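**Student:** To be precise about what I am sending: the file is called work-v9.pdb and holds PDB, C-alpha atoms, pLDDT in the B column.
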```pdb
ATOM      1  CA  MET A   1     112.025 352.850 157.727  1.00 91.00           C
ATOM      2  CA  ALA A   2     115.624 353.566 158.707  1.00 95.00           C
ATOM      3  CA  ALA A   3     118.287 351.049 157.703  1.00 97.00           C
ATOM      4  CA  ILE A   4     120.667 350.575 160.625  1.00 98.00           C
ATOM      5  CA  ALA A   5     123.897 348.589 160.562  1.00 98.00           C
ATOM      6  CA  LEU A   6     124.891 346.892 163.813  1.00 98.00           C
ATOM      7  CA  PHE A   7     128.639 346.422 164.103  1.00 98.00           C
ATOM      8  CA  GLY A   8     130.077 344.946 167.264  1.00 96.00           C
ATOM      9  CA  THR A   9     133.784 344.312 167.411  1.00 93.00           C
ATOM     10  CA  SER A  10     136.189 343.086 170.051  1.00 91.00           C
ATOM     11  CA  ALA A  11     138.372 346.103 169.127  1.00 92.00           C
ATOM     12  CA  ASP A  12     141.448 344.753 170.904  1.00 93.00           C
ATOM     13  CA  PRO A  13     142.674 347.242 169.710  1.00 95.00           C
ATOM     14  CA  PRO A  14     140.593 348.899 166.965  1.00 96.00           C
ATOM     15  CA  THR A  15     142.597 349.343 163.766  1.00 95.00           C
ATOM     16  CA  ALA A  16     142.587 351.298 160.545  1.00 94.00           C
ATOM     17  CA  GLY A  17     140.715 348.310 159.110  1.00 94.00           C
ATOM     18  CA  HIS A  18     137.833 348.835 161.524  1.00 95.00           C
ATOM     19  CA  GLN A  19     137.809 352.499 160.566  1.00 96.00           C
ATOM     20  CA  GLN A  20     137.591 351.677 156.852  1.00 95.00           C
ATOM     21  CA  ILE A  21     134.664 349.310 157.446  1.00 96.00           C
ATOM     22  CA  LEU A  22     132.807 351.902 159.535  1.00 97.00           C
ATOM     23  CA  ASN A  23     133.334 354.537 156.870  1.00 97.00           C
ATOM     24  CA  TRP A  24     131.994 352.186 154.181  1.00 97.00           C
ATOM     25  CA  LEU A  25     128.971 351.266 156.281  1.00 98.00           C
ATOM     26  CA  SER A  26     128.181 354.928 156.893  1.00 98.00           C
ATOM     27  CA  HIS A  27     127.783 355.429 153.136  1.00 98.00           C
ATOM     28  CA  HIS A  28     125.458 352.431 152.729  1.00 98.00           C
ATOM     29  CA  PHE A  29     123.166 352.704 155.778  1.00 98.00           C
ATOM     30  CA  ASP A  30     121.154 355.489 157.353  1.00 98.00           C
ATOM     31  CA  GLU A  31     122.891 354.870 160.668  1.00 98.00           C
ATOM     32  CA  VAL A  32     125.711 352.718 161.984  1.00 98.00           C
ATOM     33  CA  TRP A  33     125.573 351.576 165.613  1.00 98.00           C
ATOM     34  CA  VAL A  34     128.904 350.275 166.848  1.00 98.00           C
ATOM     35  CA  TRP A  35     130.182 348.959 170.164  1.00 97.00           C
ATOM     36  CA  ALA A  36     133.127 347.125 171.680  1.00 96.00           C
ATOM     37  CA  SER A  37     132.232 343.652 172.849  1.00 92.00           C
ATOM     38  CA  ASP A  38     133.612 340.494 174.392  1.00 87.00           C
ATOM     39  CA  ASN A  39     133.627 337.593 171.961  1.00 76.00           C
ATOM     40  CA  PRO A  40     133.074 334.331 173.883  1.00 74.00           C
ATOM     41  CA  PHE A  41     135.200 332.556 171.270  1.00 70.00           C
ATOM     42  CA  LYS A  42     138.226 334.792 171.952  1.00 72.00           C
ATOM     43  CA  SER A  43     140.402 335.852 174.854  1.00 73.00           C
ATOM     44  CA  HIS A  44     140.910 339.577 175.361  1.00 72.00           C
ATOM     45  CA  GLN A  45     143.960 341.371 176.662  1.00 76.00           C
ATOM     46  CA  THR A  46     142.384 344.715 177.467  1.00 91.00           C
ATOM     47  CA  LEU A  47     139.458 345.817 179.606  1.00 93.00           C
ATOM     48  CA  LEU A  48     136.245 346.495 177.730  1.00 94.00           C
ATOM     49  CA  ALA A  49     136.198 350.113 178.952  1.00 96.00           C
ATOM     50  CA  HIS A  50     139.548 350.783 177.254  1.00 96.00           C
ATOM     51  CA  ARG A  51     138.417 349.137 174.035  1.00 96.00           C
ATOM     52  CA  ALA A  52     135.240 351.238 173.992  1.00 97.00           C
ATOM     53  CA  ALA A  53     137.261 354.410 174.580  1.00 98.00           C
ATOM     54  CA  MET A  54     139.585 353.546 171.691  1.00 98.00           C
ATOM     55  CA  LEU A  55     136.612 352.812 169.459  1.00 97.00           C
ATOM     56  CA  ARG A  56     135.198 356.267 170.214  1.00 98.00           C
ATOM     57  CA  LEU A  57     138.521 357.819 169.219  1.00 98.00           C
ATOM     58  CA  LEU A  58     138.512 355.798 166.011  1.00 98.00           C
ATOM     59  CA  ILE A  59     135.070 357.126 165.058  1.00 98.00           C
ATOM     60  CA  GLU A  60     135.974 360.711 165.905  1.00 97.00           C
ATOM     61  CA  ASP A  61     139.092 360.433 163.731  1.00 97.00           C
ATOM     62  CA  ILE A  62     137.200 359.631 160.505  1.00 97.00           C
ATOM     63  CA  ASP A  63     137.879 362.418 158.012  1.00 95.00           C
ATOM     64  CA  PRO A  64     135.662 363.934 156.798  1.00 95.00           C
ATOM     65  CA  PRO A  65     133.421 363.297 159.824  1.00 96.00           C
ATOM     66  CA  ARG A  66     130.568 360.835 159.427  1.00 96.00           C
ATOM     67  CA  HIS A  67     127.779 361.958 161.725  1.00 97.00           C
ATOM     68  CA  ASN A  68     125.648 358.846 161.250  1.00 98.00           C
ATOM     69  CA  ILE A  69     128.122 356.593 163.102  1.00 98.00           C
ATOM     70  CA  HIS A  70     127.195 356.250 166.762  1.00 98.00           C
ATOM     71  CA  LEU A  71     129.023 354.470 169.561  1.00 98.00           C
ATOM     72  CA  ARG A  72     126.273 352.529 171.346  1.00 98.00           C
ATOM     73  CA  GLN A  73     128.231 350.811 174.073  1.00 97.00           C
ATOM     74  CA  GLU A  74     125.059 350.017 176.001  1.00 97.00           C
ATOM     75  CA  LEU A  75     124.313 347.404 173.320  1.00 97.00           C
ATOM     76  CA  SER A  76     127.440 345.417 174.155  1.00 96.00           C
ATOM     77  CA  SER A  77     126.832 341.787 175.058  1.00 94.00           C
ATOM     78  CA  PRO A  78     128.717 338.536 174.434  1.00 89.00           C
ATOM     79  CA  ARG A  79     125.455 337.289 172.897  1.00 93.00           C
ATOM     80  CA  ALA A  80     124.450 338.913 169.615  1.00 95.00           C
ATOM     81  CA  LEU A  81     120.779 338.048 170.165  1.00 96.00           C
ATOM     82  CA  VAL A  82     120.710 340.092 173.376  1.00 96.00           C
ATOM     83  CA  THR A  83     122.274 343.027 171.541  1.00 97.00           C
ATOM     84  CA  VAL A  84     119.773 342.801 168.703  1.00 96.00           C
ATOM     85  CA  GLU A  85     116.812 342.653 171.074  1.00 96.00           C
ATOM     86  CA  GLN A  86     118.092 345.740 172.885  1.00 96.00           C
ATOM     87  CA  ALA A  87     118.627 347.531 169.571  1.00 96.00           C
ATOM     88  CA  ARG A  88     115.109 346.708 168.421  1.00 94.00           C
ATOM     89  CA  GLN A  89     113.716 348.244 171.613  1.00 93.00           C
ATOM     90  CA  GLN A  90     115.529 351.474 170.778  1.00 91.00           C
ATOM     91  CA  GLY A  91     114.666 351.517 167.087  1.00 81.00           C
ATOM     92  CA  ALA A  92     111.431 349.591 166.731  1.00 76.00           C
ATOM     93  CA  ASN A  93     110.671 350.876 163.224  1.00 87.00           C
ATOM     94  CA  ALA A  94     114.149 350.281 161.828  1.00 95.00           C
ATOM     95  CA  GLU A  95     115.485 347.482 159.661  1.00 96.00           C
ATOM     96  CA  PHE A  96     118.598 346.087 161.302  1.00 97.00           C
ATOM     97  CA  THR A  97     121.562 344.440 159.612  1.00 98.00           C
ATOM     98  CA  LEU A  98     124.175 342.647 161.679  1.00 98.00           C
ATOM     99  CA  VAL A  99     127.657 343.117 160.218  1.00 98.00           C
ATOM    100  CA  VAL A 100     130.242 340.349 160.631  1.00 95.00           C
ATOM    101  CA  GLY A 101     133.628 339.616 159.122  1.00 92.00           C
ATOM    102  CA  SER A 102     134.111 336.603 156.889  1.00 93.00           C
ATOM    103  CA  ASP A 103     136.299 335.080 159.627  1.00 90.00           C
ATOM    104  CA  LEU A 104     133.174 334.633 161.771  1.00 91.00           C
ATOM    105  CA  VAL A 105     130.911 332.970 159.201  1.00 93.00           C
ATOM    106  CA  GLY A 106     131.822 329.463 160.329  1.00 91.00           C
ATOM    107  CA  GLN A 107     130.998 330.349 163.951  1.00 91.00           C
ATOM    108  CA  LEU A 108     127.564 331.819 163.332  1.00 95.00           C
ATOM    109  CA  PRO A 109     125.531 328.586 163.533  1.00 94.00           C
ATOM    110  CA  ARG A 110     127.043 328.011 166.995  1.00 92.00           C
ATOM    111  CA  TRP A 111     126.047 331.431 168.303  1.00 93.00           C
ATOM    112  CA  TYR A 112     123.471 331.582 171.071  1.00 94.00           C
ATOM    113  CA  ARG A 113     119.996 330.835 169.644  1.00 96.00           C
ATOM    114  CA  SER A 114     121.271 331.594 166.167  1.00 96.00           C
ATOM    115  CA  ASP A 115     118.023 330.577 164.470  1.00 94.00           C
ATOM    116  CA  GLU A 116     116.154 333.240 166.407  1.00 96.00           C
ATOM    117  CA  LEU A 117     118.882 335.775 165.719  1.00 97.00           C
ATOM    118  CA  PHE A 118     118.601 335.156 161.984  1.00 97.00           C
ATOM    119  CA  ARG A 119     114.853 335.812 162.104  1.00 95.00           C
ATOM    120  CA  GLN A 120     115.380 339.241 163.652  1.00 95.00           C
ATOM    121  CA  VAL A 121     118.143 340.740 161.499  1.00 97.00           C
ATOM    122  CA  ASN A 122     119.718 340.671 158.084  1.00 98.00           C
ATOM    123  CA  LEU A 123     123.342 339.561 157.873  1.00 98.00           C
ATOM    124  CA  LEU A 124     126.055 341.442 155.999  1.00 98.00           C
ATOM    125  CA  VAL A 125     129.391 339.677 155.632  1.00 96.00           C
ATOM    126  CA  VAL A 126     132.494 341.804 155.070  1.00 95.00           C
ATOM    127  CA  PRO A 127     135.195 339.792 153.268  1.00 94.00           C
ATOM    128  CA  ARG A 128     138.573 339.726 154.996  1.00 89.00           C
ATOM    129  CA  PRO A 129     141.882 338.755 153.388  1.00 85.00           C
ATOM    130  CA  GLY A 130     142.853 335.233 154.366  1.00 82.00           C
ATOM    131  CA  TYR A 131     139.286 334.157 155.163  1.00 84.00           C
ATOM    132  CA  SER A 132     137.624 332.820 152.036  1.00 85.00           C
ATOM    133  CA  LEU A 133     133.858 332.654 151.878  1.00 88.00           C
ATOM    134  CA  GLU A 134     132.847 329.058 151.373  1.00 88.00           C
ATOM    135  CA  GLU A 135     129.546 328.712 149.542  1.00 90.00           C
ATOM    136  CA  ALA A 136     128.698 325.705 151.691  1.00 91.00           C
ATOM    137  CA  ASN A 137     128.925 327.858 154.828  1.00 92.00           C
ATOM    138  CA  LEU A 138     126.731 330.545 153.286  1.00 94.00           C
ATOM    139  CA  GLU A 139     124.171 327.969 152.175  1.00 94.00           C
ATOM    140  CA  GLY A 140     124.220 326.507 155.667  1.00 93.00           C
ATOM    141  CA  LEU A 141     123.322 329.904 157.079  1.00 95.00           C
ATOM    142  CA  ARG A 142     120.520 330.333 154.560  1.00 95.00           C
ATOM    143  CA  ASP A 143     119.210 326.885 155.450  1.00 94.00           C
ATOM    144  CA  LEU A 144     118.936 328.153 159.026  1.00 93.00           C
ATOM    145  CA  GLY A 145     116.834 331.081 157.815  1.00 95.00           C
ATOM    146  CA  ALA A 146     119.538 333.737 157.549  1.00 97.00           C
ATOM    147  CA  ARG A 147     119.203 336.522 154.979  1.00 97.00           C
ATOM    148  CA  VAL A 148     122.832 336.926 153.932  1.00 97.00           C
ATOM    149  CA  ALA A 149     124.453 339.594 151.756  1.00 97.00           C
ATOM    150  CA  ILE A 150     128.140 340.080 150.946  1.00 96.00           C
ATOM    151  CA  ALA A 151     129.620 343.578 151.146  1.00 96.00           C
ATOM    152  CA  ASP A 152     131.194 344.826 147.930  1.00 95.00           C
ATOM    153  CA  MET A 153     134.371 345.755 149.769  1.00 92.00           C
ATOM    154  CA  THR A 154     137.244 343.823 151.263  1.00 84.00           C
ATOM    155  CA  GLY A 155     138.703 344.893 154.540  1.00 78.00           C
ATOM    156  CA  PRO A 156     142.425 345.702 154.489  1.00 77.00           C
ATOM    157  CA  ALA A 157     144.940 343.027 155.381  1.00 79.00           C
ATOM    158  CA  VAL A 158     145.353 344.266 158.939  1.00 82.00           C
ATOM    159  CA  SER A 159     144.152 342.793 162.198  1.00 86.00           C
ATOM    160  CA  SER A 160     144.158 343.466 165.913  1.00 90.00           C
ATOM    161  CA  THR A 161     145.882 340.114 166.371  1.00 85.00           C
ATOM    162  CA  ALA A 162     148.867 341.342 164.355  1.00 82.00           C
ATOM    163  CA  TYR A 163     149.304 344.202 166.785  1.00 88.00           C
ATOM    164  CA  ARG A 164     148.854 342.098 169.907  1.00 87.00           C
ATOM    165  CA  GLU A 165     151.255 339.385 168.763  1.00 84.00           C
ATOM    166  CA  GLU A 166     153.805 341.350 166.736  1.00 84.00           C
ATOM    167  CA  GLY A 167     153.468 344.971 167.832  1.00 83.00           C
ATOM    168  CA  ASP A 168     152.797 346.161 164.275  1.00 82.00           C
ATOM    169  CA  SER A 169     151.641 349.694 165.084  1.00 83.00           C
ATOM    170  CA  HIS A 170     151.358 350.685 161.408  1.00 87.00           C
ATOM    171  CA  ILE A 171     147.837 349.251 161.473  1.00 91.00           C
ATOM    172  CA  LEU A 172     146.794 351.774 164.153  1.00 94.00           C
ATOM    173  CA  THR A 173     145.517 355.301 163.676  1.00 95.00           C
ATOM    174  CA  PRO A 174     147.527 357.982 165.522  1.00 96.00           C
ATOM    175  CA  PRO A 175     144.878 358.645 168.231  1.00 97.00           C
ATOM    176  CA  ILE A 176     144.732 354.929 169.057  1.00 96.00           C
ATOM    177  CA  GLU A 177     148.508 354.675 169.179  1.00 93.00           C
ATOM    178  CA  ASP A 178     148.614 357.677 171.515  1.00 95.00           C
ATOM    179  CA  TYR A 179     145.956 356.149 173.761  1.00 96.00           C
ATOM    180  CA  ILE A 180     147.763 352.818 174.010  1.00 94.00           C
ATOM    181  CA  TYR A 181     150.977 354.509 175.067  1.00 92.00           C
ATOM    182  CA  ARG A 182     149.259 356.878 177.498  1.00 94.00           C
ATOM    183  CA  GLU A 183     147.339 354.055 179.215  1.00 94.00           C
ATOM    184  CA  GLN A 184     150.275 351.613 178.946  1.00 92.00           C
ATOM    185  CA  LEU A 185     148.209 348.933 177.226  1.00 92.00           C
ATOM    186  CA  TYR A 186     149.595 345.752 175.670  1.00 88.00           C
ATOM    187  CA  GLU A 187     153.240 344.748 175.828  1.00 75.00           C
ATOM    188  CA  TRP A 188     154.260 346.975 172.936  1.00 55.00           C
ATOM    189  CA  GLN A 189     153.711 350.383 174.545  1.00 54.00           C
ATOM    190  CA  ASP A 190     157.422 351.249 174.378  1.00 54.00           C
ATOM    191  CA  ALA A 191     157.446 350.945 170.590  1.00 52.00           C
ATOM    192  CA  PRO A 192     154.731 353.565 170.014  1.00 45.00           C
ATOM    193  CA  ARG A 193     156.591 355.891 172.365  1.00 47.00           C
ATOM    194  CA  LYS A 194     159.542 356.127 169.992  1.00 46.00           C
ATOM    195  CA  ARG A 195     157.268 357.234 167.157  1.00 46.00           C
ATOM    196  CA  LEU A 196     155.330 359.606 169.387  1.00 42.00           C
ATOM    197  CA  LEU A 197     158.535 361.476 170.160  1.00 39.00           C
ATOM    198  CA  THR A 198     159.189 362.132 166.491  1.00 40.00           C
ATOM    199  CA  ARG A 199     155.721 362.242 164.945  1.00 43.00           C
ATOM    200  CA  PRO A 200     154.728 365.916 164.432  1.00 42.00           C
ATOM    201  CA  HIS A 201     150.981 365.348 164.620  1.00 43.00           C
ATOM    202  CA  SER A 202     150.937 363.455 167.918  1.00 41.00           C
ATOM    203  CA  ARG A 203     149.418 365.057 170.976  1.00 39.00           C
ATOM    204  CA  PRO A 204     151.289 365.403 174.274  1.00 36.00           C
TER     205      PRO A 204
END
```
Spit out the file's structure as structure tokens when you get a sec.
**Tutor:**
Amino acid sequence: MAAIALFGTSADPPTAGHQQILNWLSHHFDEVWVWASDNPFKSHQTLLAHRAAMLRLLIEDIDPPRHNIHLRQELSSPRALVTVEQARQQGANAEFTLVVGSDLVGQLPRWYRSDELFRQVNLLVVPRPGYSLEEANLEGLRDLGARVAIADMTGPAVSSTAYREEGDSHILTPPIEDYIYREQLYEWQDAPRKRLLTRPHSRP
């Protein structure tokens, strides 16, 4: 039975942190299915189509290439249960693990039909700097029937929010930075342009 990690992210924009998590998952699961999604608990600045395109670039930029990471944008849904049900239809004999950051643990009980979701998938929590894992929250999930594991990695201290609010492009990979400037996304597109003009590895 294949072990498949399901990793949906708002990817607004995807960062080097997302890339590190995907790379780690690819070494611990047979396959990684990833998609850009709308989080009903967040507001998004960029169209989903742009975020999916950037996520594809992020995957393609992993070096050395990891051929078991697949962009499965057709799985995207604001409701994780809908995504999981669609994934199970496409991989009926697989064991699925839903991957979430530690910043989302407190939200999980409020997700749509969370008790049913927990019956259908395992949960893997990726620790994030600044978001401590409270044992009470984890026990609350287990009380609801969730099978919870904690990843033995910590995501880097970077976030999409830092880029959107502060224009910190150091958290972006070069292909994502190029894409943002080319498509004139966010309010910081002029800042990447200055680096693009001097960065030898950027594409025209």
**Student:** Would you mind listing what lies within 9 Å of Tyr112 of chain A as a list in words, with only C-alpha atoms counted and same-chain residues fewer than 5 positions away left out?
**Tutor:**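 The residues satisfying every condition are Arg79, Ala80, Leu81 and Leu117 of chain A.
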**Student:** Apply the PyMOL selection byres ((chain A and resi 170) around 12) to the file shown and report the selected residues as a list in words.
**Tutor:**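 Applying the expression gives Thr15, Ala16, Gly17, Ala157, Val158, Ser159, Ser160, Ala162, Tyr163, Glu166, Gly167, Asp168, Ser169, Ile171, Leu172, Thr173, Pro174, Ile176, Glu177, Ala191, Pro192 and Arg195 of chain A.
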**Student:** What residues come out when you apply the PyMOL selection byres ((chain A and resi 28) around 12) to this file, written as an mmCIF file with C-alpha atoms, in the frame of the given file?
**Tutor:**
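The new file part20.cif reads:
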```
data_model
loop_
_atom_site.group_PDB
_atom_site.id
_atom_site.type_symbol
_atom_site.label_atom_id
_atom_site.label_comp_id
_atom_site.auth_asym_id
_atom_site.auth_seq_id
_atom_site.Cartn_x
_atom_site.Cartn_y
_atom_site.Cartn_z
ATOM 1 C CA ALA A 2 115.624 353.566 158.707
ATOM 2 C CA ALA A 3 118.287 351.049 157.703
ATOM 3 C CA ILE A 4 120.667 350.575 160.625
ATOM 4 C CA ALA A 5 123.897 348.589 160.562
ATOM 5 C CA ILE A 21 134.664 349.310 157.446
ATOM 6 C CA LEU A 22 132.807 351.902 159.535
ATOM 7 C CA ASN A 23 133.334 354.537 156.870
ATOM 8 C CA TRP A 24 131.994 352.186 154.181
ATOM 9 C CA LEU A 25 128.971 351.266 156.281
ATOM 10 C CA SER A 26 128.181 354.928 156.893
ATOM 11 C CA HIS A 27 127.783 355.429 153.136
ATOM 12 C CA PHE A 29 123.166 352.704 155.778
ATOM 13 C CA ASP A 30 121.154 355.489 157.353
ATOM 14 C CA GLU A 31 122.891 354.870 160.668
ATOM 15 C CA VAL A 32 125.711 352.718 161.984
ATOM 16 C CA ARG A 66 130.568 360.835 159.427
ATOM 17 C CA ASN A 68 125.648 358.846 161.250
ATOM 18 C CA ILE A 69 128.122 356.593 163.102
ATOM 19 C CA THR A 97 121.562 344.440 159.612
ATOM 20 C CA LEU A 124 126.055 341.442 155.999
ATOM 21 C CA ALA A 151 129.620 343.578 151.146
ATOM 22 C CA ASP A 152 131.194 344.826 147.930
ATOM 23 C CA MET A 153 134.371 345.755 149.769
#
```
**Student:** Can you list, as a PDB file with C-alpha atoms, keeping the file's coordinate frame, the residues that the PyMOL selection byres ((chain A and resi 36) around 6) selects here?
**Tutor:**
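Output file expr.pdb follows:
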```pdb
ATOM      1  CA  GLY A   8     130.077 344.946 167.264  1.00 96.00           C
ATOM      2  CA  THR A   9     133.784 344.312 167.411  1.00 93.00           C
ATOM      3  CA  SER A  10     136.189 343.086 170.051  1.00 91.00           C
ATOM      4  CA  ALA A  11     138.372 346.103 169.127  1.00 92.00           C
ATOM      5  CA  TRP A  35     130.182 348.959 170.164  1.00 97.00           C
ATOM      6  CA  SER A  37     132.232 343.652 172.849  1.00 92.00           C
ATOM      7  CA  ALA A  52     135.240 351.238 173.992  1.00 97.00           C
TER       8      ALA A  52
END
```
**Student:** Tell me, in Å to one decimal, how far atom CA of Leu6 of chain A is from atom CA of Trp33 of chain A.
**Tutor:** 5.1 Å
**Student:** By how many Å are atom CA of Val121 of chain A and atom CA of Glu85 of chain A apart?
**Tutor:**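 Value for the atom CA of Val121 of chain A-atom CA of Glu85 of chain A distance: 9.9 Å.
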**Student:** Can you work out the spacing between atom CA of Phe96 of chain A and atom CA of Phe118 of chain A in Å, to one decimal?
**Tutor:**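 Taking atom CA of Phe96 of chain A as the start and atom CA of Phe118 of chain A as the end point, the length is 11.0 Å.
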**Student:** Neighbours of Glu60 of chain A within 10 Å (all atoms listed in the file; same-chain residues fewer than 5 positions away dropped), as a list in words?
**Tutor:**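 The filter keeps Gln19, Met54, Leu55, Pro65, Arg66, His67, Ile69, His70 and Pro175 of chain A.
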**Student:** Given the choices A:Ile59, A:Ala94, A:Val82, A:Val148, which gets closest to Arg113 of chain A if the distance is worked out from all atoms listed in the file?
**Tutor:**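 Closest residue, counting all atoms listed in the file: A:Val82.
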**Student:** Quick one: residues within 12 Å of Arg142 of chain A, only C-alpha atoms, excluding same-chain residues fewer than 6 positions away - as number ranges by chain?
**Tutor:** A: 105, 108-109, 114-115, 118-119, 122-123, 135-136, 148-149
**Student:** Can I get the selected residues back with C-alpha atoms, as a short mmCIF file (atom, residue, chain, number, x, y, z; two decimals), in the coordinates of the input?
**Tutor:**
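Output contents, as saved in part-v6.cif:
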```cif
data_model
loop_
_atom_site.label_atom_id
_atom_site.label_comp_id
_atom_site.auth_asym_id
_atom_site.auth_seq_id
_atom_site.Cartn_x
_atom_site.Cartn_y
_atom_site.Cartn_z
CA VAL A 105 130.91 332.97 159.20
CA LEU A 108 127.56 331.82 163.33
CA PRO A 109 125.53 328.59 163.53
CA SER A 114 121.27 331.59 166.17
CA ASP A 115 118.02 330.58 164.47
CA PHE A 118 118.60 335.16 161.98
CA ARG A 119 114.85 335.81 162.10
CA ASN A 122 119.72 340.67 158.08
CA LEU A 123 123.34 339.56 157.87
CA GLU A 135 129.55 328.71 149.54
CA ALA A 136 128.70 325.70 151.69
CA VAL A 148 122.83 336.93 153.93
CA ALA A 149 124.45 339.59 151.76
#
```
**Student:** Pick from A:Tyr131, A:Gly140, A:Glu183, A:Ala92: nearest to Ala49 of chain A, with only C-alpha atoms counted?
**Tutor:** A:Glu183
**Student:** Grab all the atoms of segment 150-160 of chain A that the file lists, wrap them in a box along x, y and z, add 3 Å per side, and give me centre plus edge lengths in Å (one decimal) as JSON.
**Tutor:**
```
{"center_x": 136.7, "center_y": 342.9, "center_z": 156.9, "size_x": 23.2, "size_y": 11.7, "size_z": 24.0}
```
**Student:** Return the single residue from A:Val100, A:Arg51, A:Thr154, A:Pro129 that is closest to Ser76 of chain A, with distances computed using all atoms listed in the file.
**Tutor:**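 Looking at the shortest contact to Ser76 of chain A, the residue is A:Arg51.
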**Student:** Which of these, A:His44, A:His50, A:Arg56, A:Arg72, has the shortest distance to Gln184 of chain A once you count all atoms listed in the file?
**Tutor:**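 With all atoms listed in the file as the atom set, the closest residue is A:His50.
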